[in-house]
file data-v9.txt (compact mmCIF, C-alpha atoms)
# COMPACT_ATOMS: atom_id res chain seq x y z
CA MET A 1 0.00 0.00 0.00
CA CYS A 2 1.43 3.36 -1.00
CA PRO A 3 1.80 6.01 1.66
CA LEU A 4 -0.47 9.00 1.41
CA SER A 5 1.00 11.95 -0.42
CA ALA A 6 1.33 15.28 1.34
CA SER A 7 -1.61 16.68 -0.62
CA LYS A 8 -3.90 13.86 0.59
CA ARG A 9 -3.05 14.11 4.30
CA ILE A 10 -5.79 15.08 6.67
CA PRO A 11 -5.49 18.85 7.24
CA LYS A 12 -4.64 20.01 10.75
CA ILE A 13 -7.68 21.41 12.54
CA PRO A 14 -7.09 24.99 13.76
CA PHE A 15 -6.98 25.35 17.52
CA TRP A 16 -9.89 27.80 17.56
CA ALA A 17 -11.99 25.27 15.64
CA GLN A 18 -11.08 22.62 18.22
CA ILE A 19 -12.25 24.98 20.97
CA VAL A 20 -15.55 25.63 19.19
CA ALA A 21 -16.02 21.90 18.65
CA GLY A 22 -15.41 21.28 22.35
CA LEU A 23 -17.93 24.00 23.23
CA VAL A 24 -20.63 22.50 20.98
CA LEU A 25 -19.89 18.97 22.19
CA GLY A 26 -20.09 20.07 25.82
CA VAL A 27 -23.49 21.71 25.25
CA LEU A 28 -24.85 18.60 23.54
CA LEU A 29 -23.49 16.17 26.14
CA GLY A 30 -24.63 18.36 29.01
CA TRP A 31 -28.15 18.62 27.59
CA LEU A 32 -28.24 14.87 26.96
CA ALA A 33 -27.02 14.01 30.47
CA ARG A 34 -29.52 16.36 32.12
CA SER A 35 -32.56 15.54 29.98
CA GLN A 36 -32.02 11.77 30.08
CA ASP A 37 -30.63 11.73 33.63
CA ILE A 38 -27.52 9.78 32.59
CA GLY A 39 -25.51 9.50 35.80
CA TRP A 40 -22.23 8.25 34.38
CA LEU A 41 -22.18 11.03 31.75
CA LYS A 42 -22.82 13.68 34.40
CA GLU A 43 -19.94 12.35 36.47
CA THR A 44 -17.63 12.13 33.44
CA LEU A 45 -18.28 15.74 32.42
CA THR A 46 -17.73 16.90 36.00
CA GLN A 47 -14.45 15.00 36.31
CA VAL A 48 -13.11 16.10 32.90
CA GLY A 49 -13.82 19.78 33.61
CA GLY A 50 -12.46 19.51 37.15
CA ILE A 51 -9.22 17.84 36.07
CA PHE A 52 -8.58 20.50 33.42
CA VAL A 53 -9.03 23.35 35.92
CA GLN A 54 -6.92 21.50 38.49
CA LEU A 55 -4.10 21.09 35.97
CA LEU A 56 -4.16 24.83 35.32
CA LYS A 57 -4.16 25.61 39.04
CA LEU A 58 -1.31 23.18 39.62
CA ALA A 59 1.04 25.44 37.67
CA VAL A 60 -0.32 28.75 39.00
CA ALA A 61 1.75 29.18 42.19
CA PRO A 62 5.25 28.43 40.79
CA LEU A 63 4.40 30.10 37.47
CA VAL A 64 3.39 33.37 39.13
CA PHE A 65 6.43 33.38 41.42
CA PHE A 66 9.05 32.78 38.75
CA ALA A 67 7.28 34.92 36.11
CA ILE A 68 7.19 37.94 38.43
CA LEU A 69 10.75 37.33 39.65
CA VAL A 70 12.16 37.02 36.13
CA SER A 71 10.07 39.91 34.77
CA ILE A 72 11.38 42.29 37.45
CA THR A 73 15.00 41.27 36.87
CA ASN A 74 14.49 41.60 33.09
CA LEU A 75 13.75 45.29 33.63
CA ARG A 76 17.49 45.80 34.12
CA LYS A 77 17.79 45.26 30.36
CA VAL A 78 15.30 48.04 29.60
CA ASN A 79 16.23 51.69 29.42
CA ASN A 80 13.86 53.93 31.42
CA ALA A 81 12.37 50.89 33.16
CA ALA A 82 10.82 52.96 35.94
CA ARG A 83 9.05 55.13 33.38
CA LEU A 84 7.64 52.08 31.59
CA ALA A 85 6.47 50.52 34.86
CA ALA A 86 4.76 53.76 35.92
CA GLN A 87 3.09 54.17 32.52
CA THR A 88 1.83 50.57 32.72
CA LEU A 89 0.29 51.12 36.14
CA VAL A 90 -1.34 54.39 35.08
CA TRP A 91 -2.97 52.81 32.02
CA PHE A 92 -4.12 49.84 34.08
CA MET A 93 -5.94 52.30 36.34
CA ILE A 94 -7.33 54.40 33.47
CA THR A 95 -8.84 51.44 31.64
CA SER A 96 -10.24 50.01 34.90
CA LEU A 97 -11.92 53.33 35.67
CA ILE A 98 -13.50 53.44 32.21
CA ALA A 99 -14.68 49.84 32.57
CA VAL A 100 -16.30 50.38 35.96
CA ALA A 101 -18.04 53.51 34.64
CA ILE A 102 -19.52 51.46 31.81
CA GLY A 103 -20.65 48.78 34.27
CA LEU A 104 -22.35 51.36 36.49
CA GLY A 105 -23.99 53.03 33.52
CA ILE A 106 -25.46 49.79 32.19
CA GLY A 107 -26.66 48.77 35.65
CA LEU A 108 -28.43 52.07 36.25
CA ILE A 109 -30.14 51.90 32.85
CA THR A 110 -31.28 48.27 32.93
CA ASN A 111 -32.01 47.62 36.66
CA PRO A 112 -30.80 43.99 36.49
CA GLY A 113 -32.26 43.02 39.88
CA ALA A 114 -35.81 44.07 39.05
CA GLY A 115 -38.36 41.42 38.07
CA THR A 116 -36.11 38.43 38.68
CA GLY A 117 -38.34 36.78 41.25
CA LEU A 118 -35.31 36.35 43.50
CA THR A 119 -35.52 37.30 47.19
CA PRO A 120 -32.95 37.76 49.98
CA ALA A 121 -33.85 34.26 51.18
CA ASP A 122 -32.37 32.84 47.97
CA GLY A 123 -28.91 34.12 48.89
CA LYS A 124 -26.33 32.81 51.30
CA ALA A 125 -23.05 34.13 52.64
CA PRO A 126 -19.90 32.87 50.89
CA GLU A 127 -17.44 30.62 52.69
CA SER A 128 -14.61 33.08 52.04
CA GLN A 129 -14.74 36.83 51.69
CA GLY A 130 -12.49 39.81 51.20
CA SER A 131 -12.08 42.92 53.32
CA TRP A 132 -9.70 45.85 53.22
CA ILE A 133 -8.01 44.69 56.43
CA ASP A 134 -7.52 41.20 55.01
CA PHE A 135 -6.36 42.68 51.73
CA LEU A 136 -3.75 44.93 53.31
CA THR A 137 -2.55 42.57 56.04
CA GLY A 138 -2.81 39.52 53.81
CA ILE A 139 -0.18 40.78 51.38
CA VAL A 140 2.68 39.79 53.70
CA PRO A 141 2.80 36.01 54.31
CA THR A 142 3.49 34.46 57.69
CA ASP A 143 5.81 31.88 56.11
CA VAL A 144 7.11 31.00 52.65
CA ILE A 145 5.25 27.70 52.27
CA THR A 146 1.61 28.50 53.05
CA PRO A 147 1.03 30.91 50.11
CA PHE A 148 1.94 28.09 47.71
CA THR A 149 -0.11 25.39 49.45
CA GLU A 150 -3.17 27.63 49.86
CA LEU A 151 -2.67 29.35 46.49
CA ASN A 152 -2.61 32.88 47.87
CA VAL A 153 -1.48 34.58 44.67
CA LEU A 154 -1.21 38.05 46.20
CA GLN A 155 1.33 36.82 48.78
CA ILE A 156 3.20 34.92 46.07
CA VAL A 157 3.43 38.12 44.03
CA PHE A 158 4.75 39.96 47.10
CA MET A 159 7.48 37.38 47.73
CA ALA A 160 8.44 37.29 44.05
CA ALA A 161 8.65 41.09 43.90
CA VAL A 162 10.87 41.20 47.00
CA ALA A 163 13.11 38.47 45.60
CA GLY A 164 13.33 40.20 42.22
CA ILE A 165 14.26 43.57 43.69
CA ALA A 166 16.82 41.93 45.98
CA ALA A 167 18.34 40.15 42.96
CA LEU A 168 18.64 43.47 41.14
CA LYS A 169 20.44 44.96 44.12
CA LEU A 170 22.85 42.02 44.38
CA GLY A 171 23.87 42.30 40.74
CA GLU A 172 26.24 39.62 39.46
CA LYS A 173 26.12 37.66 42.73
CA ALA A 174 22.48 36.79 42.01
CA GLN A 175 23.13 35.63 38.43
CA PRO A 176 23.13 31.87 39.26
CA ILE A 177 19.71 32.24 40.90
CA LEU A 178 18.43 34.20 37.92
CA ASN A 179 19.68 31.57 35.49
CA LEU A 180 17.94 28.86 37.52
CA SER A 181 14.74 30.92 37.70
CA GLU A 182 14.70 31.44 33.95
CA SER A 183 15.18 27.71 33.36
CA VAL A 184 12.41 26.81 35.81
CA LEU A 185 10.09 29.34 34.17
CA GLU A 186 10.72 27.84 30.74
CA LEU A 187 10.07 24.36 32.15
CA LEU A 188 6.77 25.49 33.71
CA GLN A 189 5.69 27.19 30.51
CA LYS A 190 6.46 24.07 28.49
CA ALA A 191 4.39 21.93 30.89
CA LEU A 192 1.56 24.46 30.81
CA TRP A 193 1.52 24.30 27.01
CA TRP A 194 0.66 20.62 27.28
CA VAL A 195 -2.27 21.53 29.50
CA ILE A 196 -3.36 24.28 27.11
CA ARG A 197 -3.48 21.72 24.29
CA LEU A 198 -6.15 19.92 26.33
CA ALA A 199 -8.37 23.02 26.30
CA PRO A 200 -10.89 21.61 23.75
CA ILE A 201 -11.48 18.56 25.98
CA GLY A 202 -11.57 20.73 29.11
CA THR A 203 -14.07 23.05 27.41
CA ALA A 204 -16.44 20.18 26.69
CA GLY A 205 -16.27 19.09 30.33
CA LEU A 206 -16.68 22.57 31.83
CA ILE A 207 -19.59 23.63 29.60
CA GLY A 208 -21.24 20.24 29.94
CA LYS A 209 -20.93 20.37 33.73
CA ALA A 210 -22.49 23.85 33.82
CA ILE A 211 -25.51 22.71 31.81
CA VAL A 212 -25.90 19.50 33.82
CA THR A 213 -25.74 21.42 37.09
CA TYR A 214 -27.83 24.47 36.27
CA GLY A 215 -29.79 23.72 33.10
CA TRP A 216 -31.35 26.45 31.00
CA ASP A 217 -34.12 27.47 33.41
CA LEU A 218 -31.67 29.28 35.65
CA VAL A 219 -30.61 31.65 32.89
CA GLY A 220 -34.11 33.11 32.72
CA LYS A 221 -33.93 34.57 36.23
CA TYR A 222 -30.57 36.15 35.48
CA ALA A 223 -31.25 37.08 31.85
CA THR A 224 -30.89 40.84 32.30
CA PHE A 225 -27.86 40.56 34.56
CA THR A 226 -26.14 38.07 32.24
CA ALA A 227 -26.87 40.26 29.21
CA ASP A 228 -25.55 43.31 31.10
CA VAL A 229 -22.23 41.60 31.88
CA TYR A 230 -21.77 40.43 28.30
CA ILE A 231 -22.79 43.81 26.85
CA GLY A 232 -20.51 45.67 29.27
CA CYS A 233 -17.55 43.47 28.44
CA ALA A 234 -18.32 43.76 24.72
CA LEU A 235 -18.38 47.56 24.96
CA VAL A 236 -14.97 47.54 26.63
CA LEU A 237 -13.54 44.91 24.27
CA PHE A 238 -14.88 46.30 21.01
CA GLY A 239 -15.50 49.93 21.90
CA VAL A 240 -13.04 51.26 24.49
CA TYR A 241 -10.02 49.18 23.48
CA PRO A 242 -10.25 50.01 19.74
CA LEU A 243 -10.60 53.70 20.57
CA LEU A 244 -7.49 53.61 22.75
CA LEU A 245 -5.56 51.78 20.04
CA ALA A 246 -6.68 54.20 17.33
CA LEU A 247 -6.47 57.48 19.25
CA VAL A 248 -3.71 56.88 21.81
CA ALA A 249 -1.48 54.21 20.26
CA LYS A 250 -2.39 55.28 16.68
CA VAL A 251 -2.37 51.71 15.37
CA ASN A 252 -4.95 49.56 13.58
CA PRO A 253 -7.37 48.09 16.18
CA LEU A 254 -8.37 45.19 13.92
CA GLN A 255 -4.76 44.11 13.73
CA PHE A 256 -4.61 43.99 17.53
CA PHE A 257 -7.56 41.60 17.78
CA LYS A 258 -6.13 39.53 14.96
CA GLY A 259 -2.84 39.10 16.82
CA ALA A 260 -4.33 38.73 20.31
CA TRP A 261 -7.05 36.26 19.31
CA PRO A 262 -5.25 33.07 20.48
CA ALA A 263 -5.00 34.45 24.04
CA ILE A 264 -8.55 35.83 24.09
CA GLN A 265 -10.13 32.57 22.96
CA LEU A 266 -8.14 30.51 25.46
CA ALA A 267 -9.09 32.91 28.26
CA PHE A 268 -12.76 32.53 27.35
CA VAL A 269 -12.75 28.77 27.85
CA SER A 270 -10.12 28.39 30.60
CA ARG A 271 -11.48 31.23 32.78
CA SER A 272 -7.97 31.85 34.13
CA SER A 273 -5.82 34.89 33.40
CA VAL A 274 -2.78 33.24 34.99
CA GLY A 275 -3.34 30.00 33.09
CA THR A 276 -3.48 31.99 29.86
CA MET A 277 -0.42 34.09 30.75
CA PRO A 278 2.17 32.27 28.56
CA VAL A 279 -0.07 32.70 25.52
CA THR A 280 -0.83 36.33 26.42
CA GLN A 281 2.87 37.10 26.67
CA ARG A 282 3.66 35.55 23.31
CA VAL A 283 0.83 37.29 21.45
CA THR A 284 1.94 40.57 23.04
CA GLU A 285 5.48 40.01 21.77
CA ARG A 286 4.07 39.00 18.39
CA LEU A 287 2.26 42.36 18.28
CA GLY A 288 5.60 44.14 18.43
CA VAL A 289 6.01 44.83 22.16
CA PRO A 290 9.69 44.44 23.19
CA LYS A 291 10.32 41.11 24.90
CA GLU A 292 11.86 42.54 28.06
CA TYR A 293 8.94 44.91 28.62
CA ALA A 294 6.32 42.27 27.76
CA SER A 295 7.89 39.84 30.23
CA PHE A 296 7.21 42.42 32.95
CA ALA A 297 3.86 43.91 31.88
CA VAL A 298 2.00 40.68 31.12
CA PRO A 299 2.72 38.80 34.40
CA PHE A 300 2.04 42.02 36.28
CA GLY A 301 -1.25 42.41 34.43
CA ALA A 302 -2.24 38.77 34.88
CA THR A 303 -2.39 39.33 38.65
CA THR A 304 -3.68 42.92 38.81
CA LYS A 305 -5.35 43.93 35.51
CA MET A 306 -8.99 42.75 35.66
CA ASP A 307 -11.37 44.97 33.68
CA GLY A 308 -13.95 42.18 33.50
CA CYS A 309 -13.73 40.59 36.97
CA ALA A 310 -12.76 43.65 39.00
CA ALA A 311 -14.52 46.53 37.22
CA ILE A 312 -17.57 45.69 35.11
CA TYR A 313 -18.76 42.68 37.12
CA PRO A 314 -18.61 44.06 40.69
CA ALA A 315 -20.28 47.31 39.54
CA LEU A 316 -23.21 45.42 38.00
CA ALA A 317 -23.32 42.85 40.81
CA ALA A 318 -23.50 45.56 43.48
CA ILE A 319 -26.47 47.19 41.75
CA PHE A 320 -28.13 43.78 41.23
CA ILE A 321 -27.73 42.75 44.89
CA ALA A 322 -28.79 46.19 46.18
CA GLN A 323 -32.03 45.90 44.21
CA ILE A 324 -32.72 42.37 45.46
CA PHE A 325 -32.17 43.44 49.09
CA ASP A 326 -33.97 46.78 48.52
CA VAL A 327 -30.95 48.92 49.44
CA GLN A 328 -30.66 52.38 47.91
CA LEU A 329 -27.30 53.34 46.40
CA GLY A 330 -26.24 56.97 46.02
CA ILE A 331 -23.36 58.93 44.51
CA LYS A 332 -21.10 58.06 47.45
CA GLU A 333 -21.66 54.33 46.92
CA TYR A 334 -20.99 54.58 43.19
CA LEU A 335 -17.73 56.43 43.85
CA LEU A 336 -16.76 53.70 46.35
CA ILE A 337 -17.41 51.04 43.70
CA ALA A 338 -15.08 52.88 41.33
CA PHE A 339 -12.43 53.23 44.04
CA VAL A 340 -12.54 49.53 44.96
CA SER A 341 -12.39 48.52 41.29
CA VAL A 342 -9.32 50.62 40.53
CA ILE A 343 -7.38 50.02 43.77
CA GLY A 344 -8.48 46.56 44.87
CA SER A 345 -8.34 44.63 41.59
CA ALA A 346 -5.24 42.71 42.71
CA ALA A 347 -7.50 40.79 45.10
CA THR A 348 -8.86 38.78 42.15
CA ALA A 349 -5.34 37.42 41.57
CA GLY A 350 -5.98 36.08 38.08
CA LEU A 351 -7.78 32.91 39.16
CA THR A 352 -11.14 31.62 38.00
CA GLY A 353 -14.00 33.45 39.63
CA ALA A 354 -14.28 36.92 41.19
CA THR A 355 -15.85 36.14 44.57
CA VAL A 356 -13.10 37.82 46.59
CA MET A 357 -13.43 41.05 44.63
CA LEU A 358 -17.21 40.99 44.89
CA THR A 359 -17.17 40.45 48.66
CA LEU A 360 -14.61 43.24 48.99
CA THR A 361 -16.96 45.56 47.08
CA LEU A 362 -20.05 44.53 49.04
CA SER A 363 -18.35 44.87 52.42
CA THR A 364 -17.08 48.34 51.47
CA LEU A 365 -20.62 49.40 50.50
CA GLY A 366 -22.22 47.74 53.51
CA LEU A 367 -24.34 45.45 51.32
CA PRO A 368 -25.32 41.95 52.58
CA LEU A 369 -22.69 39.35 51.70
CA GLU A 370 -25.53 36.83 51.31
CA GLY A 371 -26.00 38.43 47.90
CA VAL A 372 -22.92 36.60 46.68
CA GLY A 373 -24.85 33.35 46.92
CA LEU A 374 -27.38 34.69 44.43
CA LEU A 375 -24.71 34.92 41.74
CA MET A 376 -22.68 31.77 42.34
CA ALA A 377 -24.91 29.59 40.17
CA ILE A 378 -24.56 31.80 37.11
CA ASP A 379 -20.88 32.62 37.71
CA PRO A 380 -19.27 30.09 35.31
CA ILE A 381 -21.22 31.54 32.38
CA LEU A 382 -20.24 35.09 33.30
CA ASP A 383 -16.63 34.24 34.05
CA MET A 384 -15.88 33.29 30.45
CA ILE A 385 -16.50 36.75 28.99
CA ARG A 386 -14.99 38.45 32.07
CA THR A 387 -11.71 36.58 31.70
CA ALA A 388 -11.58 37.20 27.95
CA THR A 389 -11.93 40.93 28.69
CA ASN A 390 -9.24 40.73 31.38
CA VAL A 391 -6.73 39.08 29.05
CA ALA A 392 -7.45 41.43 26.15
CA GLY A 393 -6.71 44.35 28.49
CA GLN A 394 -3.52 42.68 29.70
CA ALA A 395 -2.27 42.58 26.09
CA LEU A 396 -3.65 46.01 25.19
CA VAL A 397 -1.86 48.12 27.80
CA PRO A 398 1.70 47.00 26.81
CA VAL A 399 0.83 47.81 23.18
CA VAL A 400 -0.47 51.27 24.12
CA VAL A 401 2.50 52.06 26.37
CA SER A 402 5.02 50.77 23.81
CA ALA A 403 3.42 52.87 21.08
CA ARG A 404 3.46 56.01 23.25
CA GLU A 405 7.10 55.42 24.18
CA LYS A 406 8.09 54.78 20.52
CA ILE A 407 9.37 51.26 21.19
CA LEU A 408 6.59 49.31 19.44
CA ASP A 409 7.80 47.35 16.41
CA LEU A 410 5.23 48.56 13.88
CA ASP A 411 6.32 46.04 11.25
CA LYS A 412 5.71 43.12 13.62
CA TYR A 413 2.41 44.65 14.69
CA ALA A 414 1.24 44.97 11.10
CA SER A 415 2.21 41.39 10.28
CA ALA A 416 0.76 39.71 13.42
CA SER A 417 -1.60 36.90 12.51
CA ALA A 418 -4.37 35.00 14.27
CA SER A 419 -2.55 31.70 13.80
CA PRO A 420 -2.22 29.55 16.93
CA ILE A 421 0.74 30.23 19.20
CA ASP A 422 3.32 27.46 18.89
CA ASP A 423 5.07 26.39 22.07
CA ARG A 424 8.31 26.35 20.07
CA GLU A 425 8.15 30.10 19.44
CA PRO A 426 10.94 31.98 21.24
CA VAL A 427 10.06 33.37 24.64
CA ALA A 428 11.33 36.44 26.45
CA VAL A 429 13.35 34.61 29.08
CA GLY A 430 17.04 35.39 28.92
CA ALA A 431 16.86 37.79 25.98
CA GLU A 432 19.79 40.13 25.85
CA GLU A 433 18.87 43.00 23.56
CA LYS A 434 18.37 46.46 25.02
CA VAL A 435 15.25 48.54 24.51
CA ALA A 436 15.78 52.22 23.82
CA VAL A 437 13.02 54.56 24.92
CA ALA A 438 12.80 57.94 23.24
CA ALA A 439 13.21 60.87 25.57
call {"tool": "encode", "arguments": {"input": "data-v9.txt", "output": "structure tokens"}}
result
Amino acid sequence: MCPLSASKRIPKIPFWAQIVAGLVLGVLLGWLARSQDIGWLKETLTQVGGIFVQLLKLAVAPLVFFAILVSITNLRKVNNAARLAAQTLVWFMITSLIAVAIGLGIGLITNPGAGTGLTPADGKAPESQGSWIDFLTGIVPTDVITPFTELNVLQIVFMAAVAGIAALKLGEKAQPILNLSESVLELLQKALWWVIRLAPIGTAGLIGKAIVTYGWDLVGKYATFTADVYIGCALVLFGVYPLLLALVAKVNPLQFFKGAWPAIQLAFVSRSSVGTMPVTQRVTERLGVPKEYASFAVPFGATTKMDGCAAIYPALAAIFIAQIFDVQLGIKEYLLIAFVSVIGSAATAGLTGATVMLTLTLSTLGLPLEGVGLLMAIDPILDMIRTATNVAGQALVPVVVSAREKILDLDKYASASASPIDDREPVAVGAEEKVAVAA
């Protein structure tokens, strides 16, 4: 038998098509398992989705630590590093403020809590919650092991930042540690790529589990709120971000979405900014952002830049819960929501879900924390678009800052494609070239 010629080989299915196929398969299997009450299928979908999320979480703690450590030390290779870091933080805050304003505006127009049929009795207090005291005192860990075992990302970021700054101060003496850190980071990223390749299967399990657990009836009660979250995120994604790219960065917005698409689609199904971080960093570099700056801005953004989870969602959720519990919100409360969204977004820490940020917002406003229980059932559906918005913003800000500082490679930006990111593409770790920033 003659071997198949190259022209007759089965074409490789694009990764985005695999994701869509997993999404459709998950919907069908979830509907089948729920409608026919197939126990083994329900359990299989639950286990498949749970294993995929667990694999992502398994890499989160060491990935965050070494990514932040290496990104800070890589700033020594960048001219005007302090200026770039400050610009990044400022644009994180600006975009978060715009996002929370959109969330508040939509909530005030649509009244998402009205006519739902839900009552305060339907809610329950969450097992864990956030407060400003916990947020401020919880940054510093009591030991170096617990943050990794309990997956306290904020404390991991703190330790990594301290270690990175100390390494910069030590200079050449710290080079062996830096070399080891860069190697470990590459190893973690390689392992995470294998997990990312399982995203189509994980998508089928996660979507199927959501339908098996909640069905379609639940969506009716939350129809307005769900639509508000998706519309708010869409306005930020396809309204605010293109305007910033066109007016501030002065680049083609369509080209940005073309280049950033692999990260956005993975964020939508994985619901994890940190899990998507290696892809986000590579699409950002592919869009022309210098490697050394991208290796700092993207890990920093993956743990603090949350336009979906920490801006749009808590603004809408606060209005929704206030209406259910018949609590009147005024100008002071709306300003507090904006403040919490801009300052407290690091509390979300890039993991799936935004419960900590929501409880932080509710406790600041004095709203009942039992309201969180009202939204837990619908959270997986909302978290997909929230995380996609988060990741798009994490790629956008480095592009905007690079363009303003005249260090964006416009040729690379113009040629960026939507093709899947290959794990063999070069990564920023250990790059040696200097980045010149115009005065």
call {"tool": "closest_residue", "arguments": {"input": "data-v9.txt", "among": "A:Tyr222, A:Trp194, A:Trp91, A:Tyr230", "to": "Val399 in chain A", "atoms": "all atoms listed in the file"}}
result
A:Trp91
call {"tool": "residues_around", "arguments": {"input": "data-v9.txt", "residues": "range 315-322 of chain A", "least_positions_apart": "4", "cutoff": "7 Å", "atoms": "only C-alpha atoms", "output": "ChimeraX atom specification"}}
result
/A:100,103-104,107,112-113,311,326-328,337,362,367,371
call {"tool": "residues_around", "arguments": {"input": "data-v9.txt", "residues": "Gln255 in chain A", "least_positions_apart": "2", "cutoff": "8 Å", "atoms": "all atoms listed in the file", "output": "MDAnalysis selection string"}}
result
chainID A and resid 252:253 257:259 413:414 416:417
call {"tool": "atom_distance", "arguments": {"input": "data-v9.txt", "atom1": "CA of Ile331 in chain A", "atom2": "CA of Leu243 in chain A"}}
result
27.6 Å
call {"tool": "residues_around", "arguments": {"input": "data-v9.txt", "residues": "Ile207 in chain A", "least_positions_apart": "5", "cutoff": "9 Å", "atoms": "only C-alpha atoms", "output": "count of residues only"}}
result
14
call {"tool": "closest_residue", "arguments": {"input": "data-v9.txt", "among": "A:Leu63, A:Ala263, A:Met376, A:Leu84", "to": "Lys190 in chain A", "atoms": "all atoms listed in the file"}}
result
A:Leu63
call {"tool": "residues_around", "arguments": {"input": "data-v9.txt", "residues": "Phe300 in chain A", "least_positions_apart": "5", "cutoff": "9 Å", "atoms": "all atoms listed in the file", "output": "ChimeraX atom specification"}}
result
/A:67-68,71,157,295,305,394
